[in-house]
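**Student:** Below are the structure tokens for one structure; questions will follow.
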Amino acid sequence: MKFKDKVLLAVSRIPKGKTSTYKEIAARAGRPLAYRAVGNILSRNYDLKIPCHRVVRSNGQPGGYNRGAERKILVLKKEGVRL
DNA sequence: CGTATGACGTGCA
DNA sequence: GTGCACGCCATAC
């Protein structure tokens with residue numbers, strides 16, 4: 001199991017209507033300090049099976065999205081996530 | 001194998 | 001509260 005897969009798995013574990021932070025995902029993947037790599041990996045591995053749009057920044061900012069940040073925010077709002 | 005990059009986080013002004 | 005600079009890790013070339 002590579003760090004990449006762990007990250008994707010952790011993201012896929014995020015329940016609907018909830019959000020997680022890159023830091024949290026990194027910790028889930030076993031590298032709490034690799035939040036940098038988390039964003040990088042997600043950006044290069046945007047599987048539709050992975051709700052990567054539920055991953056936000058620690059400061060509450062939406063962050064980014066491979067399909068456009070606007071799209072990400074839209075999905076989050078649809079799921080009932082409050083900003 | 002070594003360098004550069006990125007959807008980040010924290011600290012300080 | 002806002003803005004800038006540095007540090008960190010894994011991946012890609």
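Chain lettering (A, B, ...) mirrors the order of the structure tokens, residue numbering begins at 1 for each chain separately, and ligand numbering begins at 1 in order of display.
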Once you count only C-alpha atoms (C1' of nucleotides), which residues of chain A turn out to be within 7 Å of chain C? Could you give them as a compact mmCIF listing (two decimals) with all heavy atoms, in the first residue's frame?

**Tutor:**
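Once everything was written out, this is result_9.txt:
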# COMPACT_ATOMS: atom_id res chain seq x y z
N LEU A 33 2.85 14.86 8.33
CA LEU A 33 3.56 16.03 7.81
C LEU A 33 3.60 16.05 6.29
O LEU A 33 4.21 16.91 5.69
CB LEU A 33 4.99 16.02 8.36
CG LEU A 33 5.03 15.98 9.89
CD1 LEU A 33 6.47 16.02 10.34
CD2 LEU A 33 4.27 17.17 10.46
N ALA A 34 2.94 15.09 5.71
CA ALA A 34 2.97 15.01 4.24
C ALA A 34 1.73 15.62 3.60
O ALA A 34 1.36 15.28 2.48
CB ALA A 34 3.12 13.56 3.83
N ARG A 36 1.46 18.16 2.19
CA ARG A 36 1.89 18.74 0.91
C ARG A 36 1.72 17.71 -0.19
O ARG A 36 1.16 17.97 -1.24
CB ARG A 36 3.37 19.05 0.99
CG ARG A 36 3.69 20.46 1.11
CD ARG A 36 3.02 21.39 0.19
NE ARG A 36 3.51 22.63 0.59
CZ ARG A 36 4.03 23.49 -0.25
NH1 ARG A 36 3.93 23.28 -1.52
NH2 ARG A 36 4.52 24.54 0.19
N ALA A 37 2.22 16.52 0.07
CA ALA A 37 2.13 15.45 -0.91
C ALA A 37 0.68 15.07 -1.16
O ALA A 37 0.31 14.69 -2.27
CB ALA A 37 2.92 14.24 -0.41

**Student:** Any idea what's packed within 7 Å of A:Ala29, counting only C-alpha atoms (C1' of nucleotides), ignoring anything in its chain fewer than 3 positions away? Could you give it as a PyMOL selection string?

**Tutor:** chain A and resi 3+6-7+10+25-26

**Student:** What residues in chain A have any atom no more than 6 Å from chain B when counting only C-alpha atoms (C1' of nucleotides), and can you write them as a ChimeraX atom specification?

**Tutor:** /A:36,39-40,43,63-65

**Student:** Write a file of the selected residues as a PDB file, in the first residue's frame, keeping C-alpha atoms.

**Tutor:**
ATOM      1  CA  ARG A  36       1.892  18.741   0.911  1.00  0.00           C
ATOM      2  CA  GLY A  39      -2.617  17.797  -2.324  1.00  0.00           C
ATOM      3  CA  ASN A  40      -0.071  16.929  -4.958  1.00  0.00           C
ATOM      4  CA  SER A  43      -4.158  16.740  -8.111  1.00  0.00           C
ATOM      5  CA  GLY A  63      -8.685  24.993  -1.419  1.00  0.00           C
ATOM      6  CA  GLY A  64      -8.480  23.855  -5.023  1.00  0.00           C
ATOM      7  CA  TYR A  65      -9.931  21.300  -7.372  1.00  0.00           C
TER       8      TYR A  65
END

**Student:** Would you pick out the contacts of stretch 50-61 of chain A at 6 Å or less, using only C-alpha atoms (C1' of nucleotides), so that residues sharing its chain but fewer than 3 positions from it are not included, and give the list as an mmCIF file with C-alpha atoms, in the first residue's frame?

**Tutor:**
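Written file, part09.cif:
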data_model
loop_
_atom_site.group_PDB
_atom_site.id
_atom_site.type_symbol
_atom_site.label_atom_id
_atom_site.label_comp_id
_atom_site.auth_asym_id
_atom_site.auth_seq_id
_atom_site.Cartn_x
_atom_site.Cartn_y
_atom_site.Cartn_z
ATOM 1 C CA SER A 12 -12.949 7.896 0.035
ATOM 2 C CA THR A 19 -15.315 17.562 4.999
ATOM 3 C CA SER A 20 -11.759 16.711 5.954
ATOM 4 C CA THR A 21 -8.506 18.591 5.862
ATOM 5 C CA ASP A 47 -10.529 9.379 -9.513
ATOM 6 C CA LYS A 72 -15.787 21.948 -5.770
#

**Student:** Write out as a PyMOL selection string all residues of stretch 6-79 of chain A that backbone DSSP assigns to strand (DSSP E).

**Tutor:** chain A and resi 20-21+55-56

**Student:** Just asking: which residues within stretch 5-46 of chain A are alpha helix (DSSP H) according to DSSP, as a PyMOL selection string?

**Tutor:** chain A and resi 5-12+22-28+35-44

**Student:** Could you state the separation of atom CA of A:Lys77 and atom CA of A:Lys18 in Å, given to one decimal place?

**Tutor:**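 If I compute the distance from atom CA of A:Lys77 to atom CA of A:Lys18, I get 10.7 Å.
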
**Student:** So the first atom is atom CA of A:Leu48 and the second is atom CA of A:Arg31; what is the distance between them in Å, to one decimal place?

**Tutor:**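 Going from atom CA of A:Leu48 over to atom CA of A:Arg31 covers 23.8 Å.
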
**Student:** Report, in Å to a single decimal, how far apart atom CA of A:Gly68 and atom CA of A:Lys16 are.

**Tutor:** 20.0 Å
